[in-house]
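Read the structure below first, then the notes.
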Amino acid sequence: MRHDRTPRRAGVGMAMLPLLAGALVFGAPVAHAADEAGRHGIAGTKPAWATAKADRGAAAGDSQVSLRVYLAGRDAAGLTAYAKAVSDPNSPLYGKYLTARQTQARFGATETQVAAVRSWLASAGLKVTDVTRHYVSVKGDVTAAEKAFGTRLHDYARGGRTYRAPATTATVPASVSDAVLAVTGLDDAPHRLDHDDQLPQPAAAFVNSGPFSSYYGSKTATTLPDAYGKKVPYAIKGYTGKQIRAAYGAGKHTGKGVRIAITDAYASPTVAQDAATYAKRNGDATWKRGQLTQVLPDEWTDTEECDAAGWYGEQTLDIEAAHAVAPDAGITYVAASSCSTDAFYDSIGKVVDHHLADIVSNSWGDVEANQTPESAAAYDQVFQLGAVQGIGFYFSSGDSGDNELVTGTKQVNFPAESAWVTAVGGTSLAVGKGDTYQWETGWGTLAARLSADGKSWAGFPGTFNGAAGGGTSTTVPEPAYQKGAVPGELASANSAAGNRVVPDIAAVADPNTGFLIGLTQTYPDGSVRYGESRIGGTSLAAPVIAAVQALAQEARGGKAIGFANPAIYAKYGSKVYRDVTDIPTGAELAVARVDFVNGVDAADGLLTSVRSLGKNTSLKAVKGYDDVTGVGTPASGYVESYRRR
């Protein structure tokens with residue numbers, strides 16, 4: 001989520017709020033070669049930073065550890081094959097989904113596997129604290145953990161702190177090697193809080209300053225300097241559902257009979273009231289009783305480390321945007337207890353295990369470098385378990401373009417790069433008078449401030465100020481559904497054999513052409529009250545596309561679309577998509593913005609800037625498939641194209 005003002009206020013939540021990397025390592029779902037003792041290694045359990053130079057000696061044997069052992073389940077190859085078949089419009093099994101119970105019976109861990117894992121862990125002196133369909137949780141001391149996993153745990157210096165990690169690759173007995181997929185907790189970087197936390201008050205307020213355009217181009221900045229040889233319009237106040245529905249061809253469809261799940265971290269205590277107030281003030285349908293439900297964990301953790309209040313706006317944006325586009329769809333919010341990988345895995349697992357919805361919007365993630373092949377395999381497993389039930393996952397692609405400016409390396413985001421999710425890119429959207437679609441560019445912004453004398457834009461066109469994420473994965477092979485659509489130079493950017501390219505599809509994301517949301521915030525005078533502001537990011541694009549998919553599911557009589565990528569690419573090149581480019585009008589595009597210096601009011605002055613559009617990093621929106629907008633954005637025929645014939 002991005003407010004995207006200059007300068008950015010510290011602590012504002014973003015579309016890809018980072019997961020807490022480093023505490024989660026996964027082994028392959030099949031047994032590795034056994035050592036002389038007949039034990040099987042779990043690849044990746046010894047992190048790269050656990051070096052001899054950083055070694056500070058053995059961890060205290062009586063130090064406490066909390067571990068999760070993830071279960072591999074059964075017939076992994078069969079799960080992948082069935083997930084592909086039910087998602088492929090050309091397969092005779094297309095749409096022949098399993099129920100959650102059937103999925104568990106066919107692909108889940110067996111009672112024998114669970115019993116074997118429990119017995120092994122208990123025999124080492126670890127206490128079983130929880131058993132789910134996906135993992136067994138245990139607690140105990142370092143000595144017991146070392147016995148269970150056949151390794152030594154040492155303390156290592158890293159970044160000025162000390163963390164515990166295995167000194168050698170962890171192993172498991174041959175008797176459970178086919179049952180163990182992953183272990184978490186052997187590596188405790190970063191530090192995890194071990195007590196229950198209370199959710200904080202709403203985050204500090206952010207308020208947009210005017211002047212505004214009510215629709216794109218309605219108010220021109222006549223007193224400000226030219227940009228690209230002409231006067232430019234002021235940024236919009238924030239699009240509403242009516243405008244976005246018109247832009248993406250909603251027609252008369254409302255998402256009736258469809259339920260969307262939204263996963264984020266934590267839960268705003270005022271979200272239901274805020275959503276109701278927003279709908280009433282902005283012309284959206286009144287929420288019906290039971291239309292919005294929440295699935296919350298028993299406790300919250302890491303609230304300070306994860307900036308819990310910063311997630312309130314994310315949750316509110318996702319819910320209000322989804323309702324604005326699909327006003328009759330049910331929405332189930334599934335909260336993660338923290339921003340850790342484990343916590344998000346749990347929220348996804350709840351959706352899959354209980355089939356809480358057919359469509360899942362996810363506005364979170366991390367850069368690809370912070371996940372391992374083993375972690376990707378574990379997430380893919382739960383995405384595949386969803387796919388066989390007709391559940392589709394939609395992930396925001398990120399807000400930093402190719403990520404090089406923020407990480408020093410061009411890379412995509414995880415889990416958006418998974419071949420089993422729909423990655424949603426972003427655009428700048430122009431909706432004109434009468435809710436008429438005008439054009440879209442790939443979202444990429446350069447910002448330049450007004451000069452001191454007010455006669456020019458300092459350093460025009462300015463510096464990077466956010467862009468839709470995208471690019472080519474370094475780890476995920478090119479999926480079959482992308483072949484023939486994705487240009488060879490993109491697919492082969494990191495490997496001659498071809499890799500997954502992100503995103504798949506796109507929608508409005510640019511904060512300068514963003515969505516108006518309403519939420520309760522904390523103001524400088526200490527008051528806590530409702531307010532409205534314009535917000536963007538691919539965390540807007542993801543729920544918008546999820547809501548459009550709800551409209552499409554309604555159009556096909558309520559039959560689940562499931563994992564949508566094969567169907568999305570099957571329509572590539574047709575009129576159901578708008579082919580988005582960086583310069584859609586043939587001329588450079590920009591808008592003017594005026595922002596409060598303090599983010600709330602004019603007491604500390606105003607900042608005036610010009611924002612150039614269509615200026616991503618190394619990523620370019622061009623004719624055909626591209627790594628900013630994928631196949632494009634939904635056109636007026638997209639929703640109806642899913643109608644069953």
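In the structure tokens, the first chain shown is A, the next is B, and so on; residue numbers restart at 1 for each chain, and ligands run from 1 in the order shown.
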Write down as a list in words the residues of stretch 300-333 of chain A whose backbone DSSP state falls under strand (DSSP E or B). Trp300, Gly330, Ile331, Thr332 and Tyr333 of chain A
Surrounding residues of A:Trp120 excluding itself and chain neighbours under 5 positions, 12 Å, only C-alpha atoms, as a PyMOL selection string: chain A and resi 69+113-115+125-128+136+138+144-145+147-149+172-177+179-180
Nearby residues (only C-alpha atoms) at most 12 Å from A:Gly401, same-chain spacing under 5 positions excluded, as a PyMOL selection string: chain A and resi 16+367+396+406-407+409-413+425-427+442-445+464-472+502-503+537-538+614-621+627-629
Write out as a count of residues only each polymer residue whose atoms come within 9 Å of A:Ile348, counting only C-alpha atoms; drop sequence neighbours fewer than 2 positions from it. 14
Within 12 Å of stretch 600-602 of chain A, counting only C-alpha atoms, which residues qualify if same-chain residues fewer than 3 places away don't, as a list in words?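 Those residues are Arg5, Arg9, Ala204, Ala205, Phe206, Val207, Asn208, Ser209, Gly210, Gln521, Thr522, Tyr523, Pro524, Asp525, Gly531, Glu532, Ser533, Val594, Asp595, Phe596, Val597, Gly605, Leu606 and Leu607 of chain A.
Excluding A:Thr332 and any residue on its chain fewer than 5 positions from it, the residues at most 10 Å away by only C-alpha atoms are Arg259, Ile260, Ala261, Ile262, Thr263, Gly290, Gln291, Leu292, Thr293, Gln294, Val295, Ile319, Val351, Leu356, Ala357 and Val360 of chain A.
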Okay, now the selection with C-alpha atoms, as a PDB file, in the first residue's frame?
```
ATOM      1  CA  ARG A 259     -16.929 -15.116  -1.681  1.00  0.00           C
ATOM      2  CA  ILE A 260     -13.500 -13.478  -1.683  1.00  0.00           C
ATOM      3  CA  ALA A 261     -10.937 -14.179   1.029  1.00  0.00           C
ATOM      4  CA  ILE A 262      -8.353 -11.529   1.903  1.00  0.00           C
ATOM      5  CA  THR A 263      -5.176 -12.352   3.823  1.00  0.00           C
ATOM      6  CA  GLY A 290     -22.831 -11.523   7.415  1.00  0.00           C
ATOM      7  CA  GLN A 291     -21.337 -10.225   4.170  1.00  0.00           C
ATOM      8  CA  LEU A 292     -18.060  -9.352   5.907  1.00  0.00           C
ATOM      9  CA  THR A 293     -16.624 -11.988   8.227  1.00  0.00           C
ATOM     10  CA  GLN A 294     -13.248 -12.254   9.937  1.00  0.00           C
ATOM     11  CA  VAL A 295     -11.160 -15.279  10.878  1.00  0.00           C
ATOM     12  CA  ILE A 319     -11.777  -4.890   1.862  1.00  0.00           C
ATOM     13  CA  VAL A 351      -8.481 -20.790   3.575  1.00  0.00           C
ATOM     14  CA  LEU A 356     -13.324 -20.305   2.996  1.00  0.00           C
ATOM     15  CA  ALA A 357     -13.500 -18.801  -0.509  1.00  0.00           C
ATOM     16  CA  VAL A 360      -8.027 -15.129  -2.402  1.00  0.00           C
TER      17      VAL A 360
END
```
Helix (DSSP H, G or I) residues, from DSSP on the backbone, in stretch 110-283 of chain A, as number ranges by chain: A: 111-123, 142-149, 174-176, 241-247, 271-282
Please measure the separation of atom CA of A:Thr303 and atom CA of A:Pro269, giving the value in Å to one decimal.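 So the answer is 14.2 Å.
Minimum distance to A:Gln549 across A:Thr585, A:Thr254, A:Ser397, A:Gln482 (counting only C-alpha atoms) occurs at A:Thr254.
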For A:Ala567, work out the shell of residues within 10 Å, counting only C-alpha atoms and skipping chain neighbours fewer than 4 positions away, then give it as a list in words. Ser87, Asp88, Pro89, Asn90, Tyr481, Ile561, Gly562, Phe563, Lys571, Tyr572 and Tyr642 of chain A
re atom CA of A:Asp435 and atom CA of A:Ser539: distance 22.7 Å
Rank nothing, just name the residue among A:Gly390, A:Gly185, A:Gly526, A:Gly160 nearest to A:Val65, using only C-alpha atoms.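 Looking at the shortest contact to A:Val65, the residue is A:Gly185.
For the set A:Gly624, A:Pro327, A:Pro225, A:Pro479, the residue with the smallest atom-to-atom gap to A:Asp453 is A:Pro225, counting only C-alpha atoms.
Take the candidates A:Thr162, A:Thr45, A:Ser527, A:Ser609 and check each one against A:Val232 using only C-alpha atoms; the shortest distance goes to A:Ser609.
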Point-to-point distance in Å for atom CA of A:Ala635 and atom CA of A:Ala493: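 Rounded to one decimal, the two atoms are 29.6 Å apart.
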